[in-house]
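Take a look at the structure set out below.
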Amino acid sequence: AKVWTLAKHFDGFPKDSDFKLKVEELPEPKDGEVLLESVFLSVDPYVRPFSRAHMKEGDPIIGSQVAKVIQSKNPVFPVGSHVLGNFGWRTHAVSDGSGLTPIMPGWPQDVSLSLALGSIGMPGLTALYGIEEVLGLQKGETLLVNAAAGAVGSVVGQIAKIKGCKVVGSVGSDAKVAYLKELGFDEAFNYKTVSSLDEALRKASPEGYDCFFENVGGHFSTVALQHMKSFGRIAVCGSISVYNDTTPQTGPYPHLTMIVKQLKMEGFVQSRWEHIHPESLRRLMAWLKEGKLQYREHITKGFENMPAAFMGMLQGENLGKAIVAA
Ligand code: NDP
C-alpha cells in the first residue's frame, strides 16, 4: 500500500515537505477480514484544524474514501462491493469490517460513487442538518452562506431554494459566482473583489438576513453579524479562514451585536445526527434524482497528488467537492 503520512506538523499553510509518501506491506486478510483498494479519496478542510489532535508525525493523514473490496474473507463485504472507510490517505487497507460502511443500498448505476464523499455523503448531510436541525430555516426567509460553491455550501444554497427561501452566497471567484447563479442562488458576490463586504451584504439583501450558514469565520463573520435581522439564527459549521493561522485570533467579539439583535448562534458537527444518516442520505439522493440538487466535483487524478489536491482546496481551487481519483 502507498500511504501519505504527516512528515511534520503543519505550521501555517501546509507545504509539500509536511507530507511523506511511504510504502507499507500489508498482511494477507485473515478470516473475517477484507482487502480494500481506494477508488475515490476525499480531501477535507477538517484535516487542517484536527491535525494536531488526531495525528502524530509519521501517522497516515486522516481522511475518508470510497474503496473496492478486492479480497474478502467476510461475507458482509463481498469482492467487488464498495464501502466507505475512514482509514486515511492510503491506496490499500486490510480491515475486519469495523468502521466500514456499505454504500447506501439502491445507489443508482448512473450516479458516480464519488458523490458518497460529497453531496450524498458527509458534506451533504452537514448542509441538511445545519439547515433543518440547527437553523430551522423557514419558507420565505433569507439565508446567507459563505464558501458557497464548495461541497457543503453548494448543497446549503440548493436546499434553501427547495424550501422556498431567498439565498445569498459569497465565494472567492467570478466563475464561482456564475456557478451559484446556475444553481438558482438569488444573489452571489466575489468576496475577494468587492470593494466593501459590508456594502455587498447590504446590496444583496437590504432587509438583512434571517439565517447565516457560517463556513468561513474571521473577518467575514464579524461583518456578516451586523447584517442579521433581529432574532436571526447562525449555524456555525466551519471557520476555514482561520485554520492556517499561527496565532489564534482575538476579537472583536460580537457580543454586543448578539445582544442588541438577540441572535442565536450554535456550533455543530454533523455526526450529532448519525442516527438519521440513512434516511437523510435517501432524501438527498431523491432531490438529486429529481434534478433539484445539482453538483460539480473537482477531481484530481492520481493518489500521488493528494497533498496538492488538499492544499488547492484550502486555497479555493475547487468548485464543488474536492476529490482525488486513485
Ligand atoms: P469546500 O468544498 O467549501 O472547500 C473549501 C473552500 O473554502 C474553498 O474552496 C474556498 O472557496 C473557501 N475558503 C478557503 N479559504 C478561505 C478564506 N480565507 N476565506 C473564505 N473562504 C475561504 O469545503 P467543505 O464544503 O468541505 O467545507 C466547508 C466548511 O464546512 C469548512 O469550514 C469545513 O471545515 C466545514 N465543515 C464542517 C462540518 C461540520 O460537521 N461542522 C462538516 C464538513 C465541513 P472560495 O473560493 O469561495 O474562497
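Identifiers in this document derive from the order of the C-alpha cells: chains are assigned A, B, ..., residues are numbered from 1 separately in each chain, and ligands are numbered from 1 in order of occurrence.
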### Query
Using only C-alpha atoms and all ligand atoms, what are the residues with an atom within 8 Å of ligand 1, set out as a PyMOL selection string?
chain A and resi 43-46+122-123+126+146-154+170-173+176+190-191+214-217+220+236-242+267-271+313-322
Quick one: residues within 10 Å of Arg283 of chain A, only C-alpha atoms counted, chain neighbours fewer than 5 positions away excluded, as a PDB file with C-alpha atoms, in the first residue's frame?
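around.pdb, freshly written:
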ATOM      1  CA  ILE A 120     -24.707  12.291  -0.957  1.00  0.00           C
ATOM      2  CA  LEU A 125     -25.515  15.730   5.452  1.00  0.00           C
ATOM      3  CA  LEU A 128     -29.023  19.360   5.585  1.00  0.00           C
ATOM      4  CA  HIS A 277     -27.905   9.468   8.355  1.00  0.00           C
ATOM      5  CA  PRO A 278     -29.507   6.650   6.265  1.00  0.00           C
ATOM      6  CA  LEU A 288     -30.576  14.623  -6.878  1.00  0.00           C
ATOM      7  CA  LYS A 289     -32.707  12.270  -8.972  1.00  0.00           C
TER       8      LYS A 289
END
#### Entry: Of the listed residues A:Gly63, A:Gly312, A:Pro108, A:Gly157, that which approaches Gly88 of chain A most closely, counting only C-alpha atoms
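The shortest atom-to-atom distance to Gly88 of chain A comes from A:Gly63.
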Excluding Lys73 of chain A and residues on its chain fewer than 4 positions from it, collect all residues at most 9 Å away from it, counting only C-alpha atoms, and give them as a compact mmCIF listing (two decimals) with N, CA and C atoms, in the first residue's frame.
# COMPACT_ATOMS: atom_id res chain seq x y z
N PRO A 29 -5.33 -10.92 4.22
CA PRO A 29 -6.54 -10.87 5.06
C PRO A 29 -6.81 -12.22 5.74
N LYS A 30 -7.11 -12.15 7.03
CA LYS A 30 -7.47 -13.37 7.78
C LYS A 30 -8.99 -13.56 7.72
N ASP A 31 -9.46 -14.63 8.35
CA ASP A 31 -10.91 -14.87 8.40
C ASP A 31 -11.62 -13.64 8.98
N GLY A 32 -12.67 -13.20 8.31
CA GLY A 32 -13.42 -12.04 8.78
C GLY A 32 -12.88 -10.73 8.23
N GLU A 33 -11.75 -10.79 7.50
CA GLU A 33 -11.13 -9.54 7.02
C GLU A 33 -11.29 -9.38 5.49
N VAL A 34 -11.08 -8.16 5.06
CA VAL A 34 -11.13 -7.85 3.62
C VAL A 34 -9.91 -7.02 3.24
N LEU A 35 -9.54 -7.11 1.97
CA LEU A 35 -8.50 -6.22 1.42
C LEU A 35 -9.22 -5.19 0.53
N PHE A 77 -18.98 -8.20 3.21
CA PHE A 77 -18.36 -7.33 2.21
C PHE A 77 -17.77 -8.18 1.08
N PRO A 78 -18.61 -8.60 0.11
CA PRO A 78 -18.12 -9.48 -0.96
C PRO A 78 -17.17 -8.75 -1.92
## Note on the structure
Pairwise distance, atom CA of Arg296 of chain A with atom CA of Val83 of chain A, equals 21.9 Å
### Task
List the neighbours of Lys292 of chain A out to 8 Å using only C-alpha atoms; skip same-chain residues closer than 5 positions along the sequence, and give me the result as an NGL selection string.
:A and (158 or 162 or 287)
Enumerate, as a short mmCIF file (atom, residue, chain, number, x, y, z; two decimals) with C-alpha atoms, in the first residue's frame, the complete set of residues in segment 152-226 of chain A that a backbone-based DSSP assignment places in strand (DSSP E or B).
data_model
loop_
_atom_site.label_atom_id
_atom_site.label_comp_id
_atom_site.auth_asym_id
_atom_site.auth_seq_id
_atom_site.Cartn_x
_atom_site.Cartn_y
_atom_site.Cartn_z
CA LYS A 166 -34.05 33.74 -0.72
CA VAL A 167 -30.39 32.69 -0.87
CA VAL A 168 -27.27 34.84 -0.94
CA GLY A 169 -23.84 33.27 -1.47
CA SER A 170 -20.30 34.53 -1.01
CA VAL A 171 -17.45 32.94 -2.98
CA GLU A 187 -27.62 36.82 -5.19
CA ALA A 188 -23.93 35.99 -5.25
CA PHE A 189 -20.75 38.01 -4.95
CA ASN A 190 -16.99 37.53 -5.01
CA TYR A 209 -30.64 38.04 6.90
CA ASP A 210 -32.79 35.70 8.97
CA CYS A 211 -30.24 32.91 8.84
CA PHE A 212 -26.49 32.63 8.28
CA PHE A 213 -24.78 29.32 7.47
CA GLU A 214 -21.22 30.07 8.52
#
## Note on the structure
Taken to one decimal, the atom CA of Glu274 of chain A-atom CA of Val47 of chain A distance is 20.1 Å
### Query
Can you tell me, as a PyMOL selection string, what residues are no more than 10 Å from Glu266 of chain A when counting only C-alpha atoms, ignoring any on the same chain fewer than 2 positions away?
chain A and resi 130+134-135+233-237+264+268
### Query
Looking only at the backbone, which of the residues in segment 129-307 of chain A does DSSP tag as alpha helix (DSSP H), as a PyMOL selection string?
chain A and resi 129+151-162+174-182+197-204+218-225+255-261+277-289+306-307
